[in-house]
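Participant: Sending over query29.pdb (PDB, C-alpha atoms and all ligand atoms).
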ATOM      1  CA  MET F   1      83.939 131.384   8.560  1.00  0.00           C
ATOM      2  CA  LYS F   2      84.403 128.602  11.134  1.00  0.00           C
ATOM      3  CA  VAL F   3      82.127 128.099  14.141  1.00  0.00           C
ATOM      4  CA  GLY F   4      83.027 126.419  17.433  1.00  0.00           C
ATOM      5  CA  ILE F   5      81.084 125.517  20.564  1.00  0.00           C
ATOM      6  CA  GLY F   6      82.373 125.217  24.118  1.00  0.00           C
ATOM      7  CA  TYR F   7      80.780 123.978  27.330  1.00  0.00           C
ATOM      8  CA  ASP F   8      82.118 123.671  30.864  1.00  0.00           C
ATOM      9  CA  ILE F   9      80.838 123.229  34.408  1.00  0.00           C
ATOM     10  CA  HIS F  10      82.610 123.470  37.767  1.00  0.00           C
ATOM     11  CA  ARG F  11      81.459 122.866  41.336  1.00  0.00           C
ATOM     12  CA  LEU F  12      81.066 125.765  43.782  1.00  0.00           C
ATOM     13  CA  VAL F  13      82.870 125.088  47.060  1.00  0.00           C
ATOM     14  CA  GLU F  14      84.035 126.919  50.166  1.00  0.00           C
ATOM     15  CA  GLY F  15      87.611 128.170  50.426  1.00  0.00           C
ATOM     16  CA  ARG F  16      88.082 129.099  46.760  1.00  0.00           C
ATOM     17  CA  LYS F  17      88.000 132.478  45.003  1.00  0.00           C
ATOM     18  CA  LEU F  18      85.212 132.972  42.464  1.00  0.00           C
ATOM     19  CA  ILE F  19      86.775 134.046  39.172  1.00  0.00           C
ATOM     20  CA  LEU F  20      84.600 134.379  36.064  1.00  0.00           C
ATOM     21  CA  GLY F  21      85.748 135.823  32.769  1.00  0.00           C
ATOM     22  CA  GLY F  22      89.037 136.787  34.400  1.00  0.00           C
ATOM     23  CA  VAL F  23      87.263 138.932  37.009  1.00  0.00           C
ATOM     24  CA  GLU F  24      87.357 138.117  40.737  1.00  0.00           C
ATOM     25  CA  ILE F  25      83.867 138.316  42.209  1.00  0.00           C
ATOM     26  CA  ASP F  26      83.088 138.847  45.876  1.00  0.00           C
ATOM     27  CA  TYR F  27      81.149 135.710  46.877  1.00  0.00           C
ATOM     28  CA  PRO F  28      81.489 133.236  49.764  1.00  0.00           C
ATOM     29  CA  LEU F  29      82.039 130.268  47.411  1.00  0.00           C
ATOM     30  CA  GLY F  30      84.422 129.684  44.508  1.00  0.00           C
ATOM     31  CA  LEU F  31      84.828 127.204  41.676  1.00  0.00           C
ATOM     32  CA  LEU F  32      86.762 123.982  42.267  1.00  0.00           C
ATOM     33  CA  GLY F  33      89.346 122.921  39.700  1.00  0.00           C
ATOM     34  CA  HIS F  34      92.989 122.298  38.868  1.00  0.00           C
ATOM     35  CA  SER F  35      93.449 125.848  37.553  1.00  0.00           C
ATOM     36  CA  ASP F  36      91.515 128.823  38.939  1.00  0.00           C
ATOM     37  CA  ALA F  37      88.470 126.974  37.456  1.00  0.00           C
ATOM     38  CA  ASP F  38      87.223 129.977  35.466  1.00  0.00           C
ATOM     39  CA  VAL F  39      84.374 128.115  33.800  1.00  0.00           C
ATOM     40  CA  LEU F  40      83.614 130.918  31.321  1.00  0.00           C
ATOM     41  CA  ILE F  41      87.191 131.147  30.061  1.00  0.00           C
ATOM     42  CA  HIS F  42      87.406 127.354  29.790  1.00  0.00           C
ATOM     43  CA  ALA F  43      84.288 127.283  27.602  1.00  0.00           C
ATOM     44  CA  ILE F  44      85.706 130.128  25.468  1.00  0.00           C
ATOM     45  CA  CYS F  45      88.962 128.182  25.056  1.00  0.00           C
ATOM     46  CA  ASP F  46      87.070 125.064  23.927  1.00  0.00           C
ATOM     47  CA  ALA F  47      84.954 127.067  21.465  1.00  0.00           C
ATOM     48  CA  LEU F  48      88.076 128.723  19.990  1.00  0.00           C
ATOM     49  CA  LEU F  49      89.909 125.400  19.747  1.00  0.00           C
ATOM     50  CA  GLY F  50      86.829 123.733  18.267  1.00  0.00           C
ATOM     51  CA  ALA F  51      86.377 126.368  15.579  1.00  0.00           C
ATOM     52  CA  ALA F  52      90.054 126.085  14.634  1.00  0.00           C
ATOM     53  CA  GLY F  53      89.944 122.268  14.622  1.00  0.00           C
ATOM     54  CA  LEU F  54      92.554 122.084  17.379  1.00  0.00           C
ATOM     55  CA  GLY F  55      90.932 119.649  19.813  1.00  0.00           C
ATOM     56  CA  ASP F  56      90.038 120.730  23.332  1.00  0.00           C
ATOM     57  CA  ILE F  57      91.431 122.423  26.432  1.00  0.00           C
ATOM     58  CA  GLY F  58      92.187 119.104  28.172  1.00  0.00           C
ATOM     59  CA  ARG F  59      94.472 118.098  25.312  1.00  0.00           C
ATOM     60  CA  HIS F  60      96.462 121.344  25.447  1.00  0.00           C
ATOM     61  CA  PHE F  61      96.497 121.802  29.234  1.00  0.00           C
ATOM     62  CA  PRO F  62      96.092 118.391  30.938  1.00  0.00           C
ATOM     63  CA  ASP F  63      94.975 118.603  34.577  1.00  0.00           C
ATOM     64  CA  THR F  64      97.632 116.017  35.410  1.00  0.00           C
ATOM     65  CA  ASP F  65     100.286 118.627  34.535  1.00  0.00           C
ATOM     66  CA  GLU F  66     101.590 120.419  37.644  1.00  0.00           C
ATOM     67  CA  ARG F  67     102.467 123.486  35.541  1.00  0.00           C
ATOM     68  CA  TYR F  68      98.755 124.301  35.351  1.00  0.00           C
ATOM     69  CA  ARG F  69      97.928 123.901  39.067  1.00  0.00           C
ATOM     70  CA  GLY F  70      96.299 127.119  40.277  1.00  0.00           C
ATOM     71  CA  ILE F  71      97.153 128.877  36.993  1.00  0.00           C
ATOM     72  CA  SER F  72      95.074 131.885  35.976  1.00  0.00           C
ATOM     73  CA  SER F  73      92.804 130.816  33.134  1.00  0.00           C
ATOM     74  CA  VAL F  74      93.625 134.152  31.489  1.00  0.00           C
ATOM     75  CA  GLU F  75      97.058 132.639  30.767  1.00  0.00           C
ATOM     76  CA  LEU F  76      95.419 129.585  29.172  1.00  0.00           C
ATOM     77  CA  LEU F  77      93.194 131.832  27.052  1.00  0.00           C
ATOM     78  CA  LYS F  78      96.200 133.856  25.843  1.00  0.00           C
ATOM     79  CA  GLU F  79      97.918 130.649  24.782  1.00  0.00           C
ATOM     80  CA  VAL F  80      94.790 129.309  23.050  1.00  0.00           C
ATOM     81  CA  ALA F  81      94.334 132.600  21.176  1.00  0.00           C
ATOM     82  CA  SER F  82      97.923 132.499  19.968  1.00  0.00           C
ATOM     83  CA  LYS F  83      97.521 128.865  18.794  1.00  0.00           C
ATOM     84  CA  VAL F  84      94.354 129.841  16.892  1.00  0.00           C
ATOM     85  CA  ARG F  85      96.085 132.852  15.315  1.00  0.00           C
ATOM     86  CA  ALA F  86      99.084 130.683  14.405  1.00  0.00           C
ATOM     87  CA  GLU F  87      96.679 128.597  12.287  1.00  0.00           C
ATOM     88  CA  GLY F  88      95.774 131.762  10.364  1.00  0.00           C
ATOM     89  CA  PHE F  89      92.397 132.450  12.024  1.00  0.00           C
ATOM     90  CA  SER F  90      91.117 135.719  13.430  1.00  0.00           C
ATOM     91  CA  ILE F  91      88.271 136.043  15.927  1.00  0.00           C
ATOM     92  CA  GLY F  92      84.969 137.209  14.474  1.00  0.00           C
ATOM     93  CA  ASN F  93      82.747 137.106  17.531  1.00  0.00           C
ATOM     94  CA  ILE F  94      82.240 135.336  20.845  1.00  0.00           C
ATOM     95  CA  ASP F  95      78.799 134.783  22.358  1.00  0.00           C
ATOM     96  CA  ALA F  96      78.619 133.321  25.857  1.00  0.00           C
ATOM     97  CA  THR F  97      75.913 132.295  28.313  1.00  0.00           C
ATOM     98  CA  VAL F  98      76.850 131.725  31.956  1.00  0.00           C
ATOM     99  CA  ILE F  99      74.316 129.626  33.882  1.00  0.00           C
ATOM    100  CA  LEU F 100      74.298 130.237  37.620  1.00  0.00           C
ATOM    101  CA  GLN F 101      71.775 130.735  40.390  1.00  0.00           C
ATOM    102  CA  MET F 102      73.931 133.159  42.378  1.00  0.00           C
ATOM    103  CA  PRO F 103      75.602 135.669  42.409  1.00  0.00           C
ATOM    104  CA  ARG F 104      73.930 138.132  40.075  1.00  0.00           C
ATOM    105  CA  LEU F 105      76.299 139.075  37.262  1.00  0.00           C
ATOM    106  CA  ALA F 106      74.456 142.038  35.714  1.00  0.00           C
ATOM    107  CA  SER F 107      76.840 144.633  37.186  1.00  0.00           C
ATOM    108  CA  ILE F 108      79.956 142.569  36.367  1.00  0.00           C
ATOM    109  CA  ILE F 109      79.305 141.530  32.762  1.00  0.00           C
ATOM    110  CA  CYS F 110      80.773 144.790  31.389  1.00  0.00           C
ATOM    111  CA  LEU F 111      84.003 144.186  33.339  1.00  0.00           C
ATOM    112  CA  MET F 112      84.245 140.599  32.058  1.00  0.00           C
ATOM    113  CA  GLU F 113      83.705 141.724  28.455  1.00  0.00           C
ATOM    114  CA  GLU F 114      86.386 144.419  28.828  1.00  0.00           C
ATOM    115  CA  GLU F 115      88.863 142.016  30.419  1.00  0.00           C
ATOM    116  CA  LEU F 116      88.351 139.268  27.830  1.00  0.00           C
ATOM    117  CA  ALA F 117      88.444 141.669  24.874  1.00  0.00           C
ATOM    118  CA  ALA F 118      91.758 143.057  26.183  1.00  0.00           C
ATOM    119  CA  VAL F 119      93.221 139.573  26.715  1.00  0.00           C
ATOM    120  CA  LEU F 120      92.172 138.479  23.206  1.00  0.00           C
ATOM    121  CA  GLY F 121      93.112 141.744  21.507  1.00  0.00           C
ATOM    122  CA  ILE F 122      89.616 142.177  20.057  1.00  0.00           C
ATOM    123  CA  GLY F 123      87.013 144.935  20.272  1.00  0.00           C
ATOM    124  CA  ARG F 124      84.384 145.016  23.022  1.00  0.00           C
ATOM    125  CA  GLU F 125      81.684 144.728  20.343  1.00  0.00           C
ATOM    126  CA  GLN F 126      83.077 141.311  19.334  1.00  0.00           C
ATOM    127  CA  ILE F 127      82.228 139.705  22.668  1.00  0.00           C
ATOM    128  CA  ASN F 128      78.815 139.284  24.243  1.00  0.00           C
ATOM    129  CA  ILE F 129      78.262 137.700  27.645  1.00  0.00           C
ATOM    130  CA  LYS F 130      74.853 136.761  28.983  1.00  0.00           C
ATOM    131  CA  ALA F 131      73.826 135.300  32.332  1.00  0.00           C
ATOM    132  CA  THR F 132      70.795 133.255  33.248  1.00  0.00           C
ATOM    133  CA  THR F 133      69.671 131.353  36.324  1.00  0.00           C
ATOM    134  CA  ASN F 134      68.641 127.702  36.229  1.00  0.00           C
ATOM    135  CA  GLU F 135      65.254 128.592  37.763  1.00  0.00           C
ATOM    136  CA  GLY F 136      66.231 126.744  40.955  1.00  0.00           C
ATOM    137  CA  LEU F 137      66.438 123.432  39.117  1.00  0.00           C
ATOM    138  CA  ASP F 138      69.137 120.759  39.449  1.00  0.00           C
ATOM    139  CA  SER F 139      72.678 121.279  40.786  1.00  0.00           C
ATOM    140  CA  ILE F 140      73.138 124.681  39.146  1.00  0.00           C
ATOM    141  CA  GLY F 141      69.789 125.827  40.474  1.00  0.00           C
ATOM    142  CA  ARG F 142      70.765 124.713  43.992  1.00  0.00           C
ATOM    143  CA  GLY F 143      73.874 126.902  43.739  1.00  0.00           C
ATOM    144  CA  GLU F 144      76.242 123.920  43.697  1.00  0.00           C
ATOM    145  CA  ALA F 145      77.824 124.645  40.308  1.00  0.00           C
ATOM    146  CA  ILE F 146      78.257 127.186  37.530  1.00  0.00           C
ATOM    147  CA  ALA F 147      78.210 126.271  33.825  1.00  0.00           C
ATOM    148  CA  ALA F 148      78.941 128.153  30.623  1.00  0.00           C
ATOM    149  CA  TRP F 149      78.091 127.695  26.953  1.00  0.00           C
ATOM    150  CA  VAL F 150      80.060 129.600  24.317  1.00  0.00           C
ATOM    151  CA  VAL F 151      79.831 129.900  20.547  1.00  0.00           C
ATOM    152  CA  VAL F 152      82.708 131.439  18.604  1.00  0.00           C
ATOM    153  CA  GLY F 153      82.983 132.535  14.981  1.00  0.00           C
ATOM    154  CA  LEU F 154      86.453 132.640  13.423  1.00  0.00           C
ATOM    155  CA  PHE F 155      87.397 134.184  10.108  1.00  0.00           C
ATOM    156  CA  GLY F 156      88.968 131.679   7.761  1.00  0.00           C
ATOM    157  CA  SER F 157      92.438 130.292   7.724  1.00  0.00           C
ATOM    158  CA  GLU F 158      94.919 131.804   5.279  1.00  0.00           C
ATOM    159  CA  LYS F 159      96.171 128.226   4.826  1.00  0.00           C
ATOM    160  CA  GLU F 160      93.008 127.272   2.937  1.00  0.00           C
TER     161      GLU F 160
HETATM  162 MG    MG F 201      87.042 123.592  33.232  1.00  0.00          MG
END
How does this structure look as structure tokens?
Ligand code: MG

Facilitator:
Amino acid sequence: MKVGIGYDIHRLVEGRKLILGGVEIDYPLGLLGHSDADVLIHAICDALLGAAGLGDIGRHFPDTDERYRGISSVELLKEVASKVRAEGFSIGNIDATVILQMPRLASIICLMEEELAAVLGIGREQINIKATTNEGLDSIGRGEAIAAWVVVGLFGSEKE
């Protein structure tokens, strides 16, 4: 068993769609970034890459590369999952915490889990997404940013 951790944060700004866990959410602000800035998927990618010993998302998809401008992070996640599988790993479980003051995610978490499980080709029971506010503290608490922490467990490489 290999364990990986991922963290990401993006600013909330006007004029961008809010996409979290591959799901578009109706909200007046969206996350700023080179891709669609899906902070949850980026943290999942880093946790998967970390567990597999494959570096980080910036190494595989540099934000200086025009190919990734505006790209759906679902596409990045598919590519990360195939790199991880190519190393002989299979996904055990994914546990995520999204930290945001607004909007409320309770009614959307099921959709995000379904979407991500489908993208990764894993069962719904293998992915768990939680949401918490920042109690009004700091930039996240002021609604200026959304962050995500993710821990992933991979089953061992056949190469070992
Ligand atoms: Mg990011």

Participant: Applying the PyMOL selection byres (((not hetatm)) within 6 of (chain F and resi 201)) to the file I just gave you, which residues come out? Please list them as number ranges by chain.

Facilitator: F: 8, 37, 39, 42

Participant: Glu75 of chain F: which residues within 12 Å, counting all atoms listed in the file, same-chain residues fewer than 3 positions away excluded, as a list in words?

Facilitator: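 Answer for this query is Gly21, Gly22, Ser35, Asp36, Asp38, Ile41, His42, Cys45, Phe61, Arg67, Tyr68, Gly70, Ile71, Ser72, Lys78, Glu79, Val80, Ala81, Ser82, Leu116, Val119 and Leu120 of chain F.
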
Participant: Tell me, as a list in words, which residues lie within 12 Å of Arg85 of chain F, counting only C-alpha atoms; anything in the same chain fewer than 6 positions away does not count.

Facilitator: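 Close residues of Arg85 of chain F: Leu48, Leu49, Ala51, Ala52, Leu54, Lys78, Glu79, Ile91, Gly92, Leu120, Gly121, Leu154, Phe155, Gly156, Ser157, Glu158 and Lys159 of chain F.
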
Participant: Which centre and edge lengths in Å to one decimal define the box along x, y and z that fits every listed atom of segment 11-20 of chain F plus 8 Å per side, as AutoDock Vina command-line options?

Facilitator:
--center_x 84.6 --center_y 128.6 --center_z 43.2 --size_x 23.0 --size_y 27.5 --size_z 30.4

Participant: Name the residues captured by the PyMOL selection byres (((chain F and resi 124) around 10) and not hetatm) when it is applied to the shown file; answer as a list in words.

Facilitator: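 When the PyMOL selection byres (((chain F and resi 124) around 10) and not hetatm) is applied to the shown file, the picked residues are Asn93, Cys110, Glu113, Glu114, Glu115, Leu116, Ala117, Ala118, Gly121, Ile122, Gly123, Glu125, Gln126, Ile127 and Asn128 of chain F.
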
Participant: Mind listing whatever residues come within 10 Å of the point (89.6, 127.1, 44.2)? Use all atoms listed in the file, file coordinates, and give them as a VMD selection string.

Facilitator: chain F and resid 11 to 19 29 to 38 70

Participant: May I have the protein, DNA and RNA residues with an atom at most 8 Å from (75.0, 137.3, 28.3), counting only C-alpha atoms in the file's coordinates, returned as a list in words?

Facilitator: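 Answer for this query, in the requested form: Asp95, Ala96, Thr97, Val98, Ile109, Asn128, Ile129, Lys130, Ala131 and Thr132 of chain F.
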
Participant: What's the separation between atom CA of Val3 of chain F and atom CA of Ala148 of chain F, in Å to one decimal place?

Facilitator: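 Interatomic distance, atom CA of Val3 of chain F to atom CA of Ala148 of chain F: 16.8 Å.
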
Participant: Please enumerate the residues selected by the PyMOL selection byres (((chain F and resi 150) around 8) and not hetatm) when evaluated against the supplied file, formatted as a PyMOL selection string.

Facilitator: chain F and resi 5-7+40+43-44+47+94-97+148-149+151-152

Participant: Using C-alpha atoms, can you write the selected residues to a file as a tab-separated table (two decimals), in the coordinates of the input?

Facilitator:
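Here's the written file selection-v6.tsv:
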chain	number	residue	atom	x	y	z
F	5	ILE	CA	81.08	125.52	20.56
F	6	GLY	CA	82.37	125.22	24.12
F	7	TYR	CA	80.78	123.98	27.33
F	40	LEU	CA	83.61	130.92	31.32
F	43	ALA	CA	84.29	127.28	27.60
F	44	ILE	CA	85.71	130.13	25.47
F	47	ALA	CA	84.95	127.07	21.46
F	94	ILE	CA	82.24	135.34	20.84
F	95	ASP	CA	78.80	134.78	22.36
F	96	ALA	CA	78.62	133.32	25.86
F	97	THR	CA	75.91	132.29	28.31
F	148	ALA	CA	78.94	128.15	30.62
F	149	TRP	CA	78.09	127.70	26.95
F	151	VAL	CA	79.83	129.90	20.55
F	152	VAL	CA	82.71	131.44	18.60

Participant: I'd like to know which of F:Ser73, F:Gly53, F:Met102, F:Ala145 is closest to Glu87 of chain F, using all atoms listed in the file.

Facilitator: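 Among F:Ser73, F:Gly53, F:Met102, F:Ala145, it is F:Gly53 that comes nearest to Glu87 of chain F.
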
Participant: Quick one: of F:Ile25, F:Ile9, F:Ala86, F:Ile57, who's nearest to Ile108 of chain F, counting only C-alpha atoms?

Facilitator: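 Going through F:Ile25, F:Ile9, F:Ala86, F:Ile57 one by one, the smallest distance to Ile108 of chain F is for F:Ile25.
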
Participant: My list of candidates is F:Asp63, F:Gly4, F:His10, F:Gly88. Which is closest to Ile140 of chain F when distances are computed with all atoms listed in the file?

Facilitator: F:His10

Participant: In Å, rounded to a single decimal, give me how far atom CA of Glu66 of chain F is from atom CA of Asp26 of chain F.

Facilitator: 27.4 Å

Participant: Go ahead and compute the interatomic distance for atom CA of Gly143 of chain F and atom CA of Leu100 of chain F, in Å to one decimal.

Facilitator: 7.0 Å
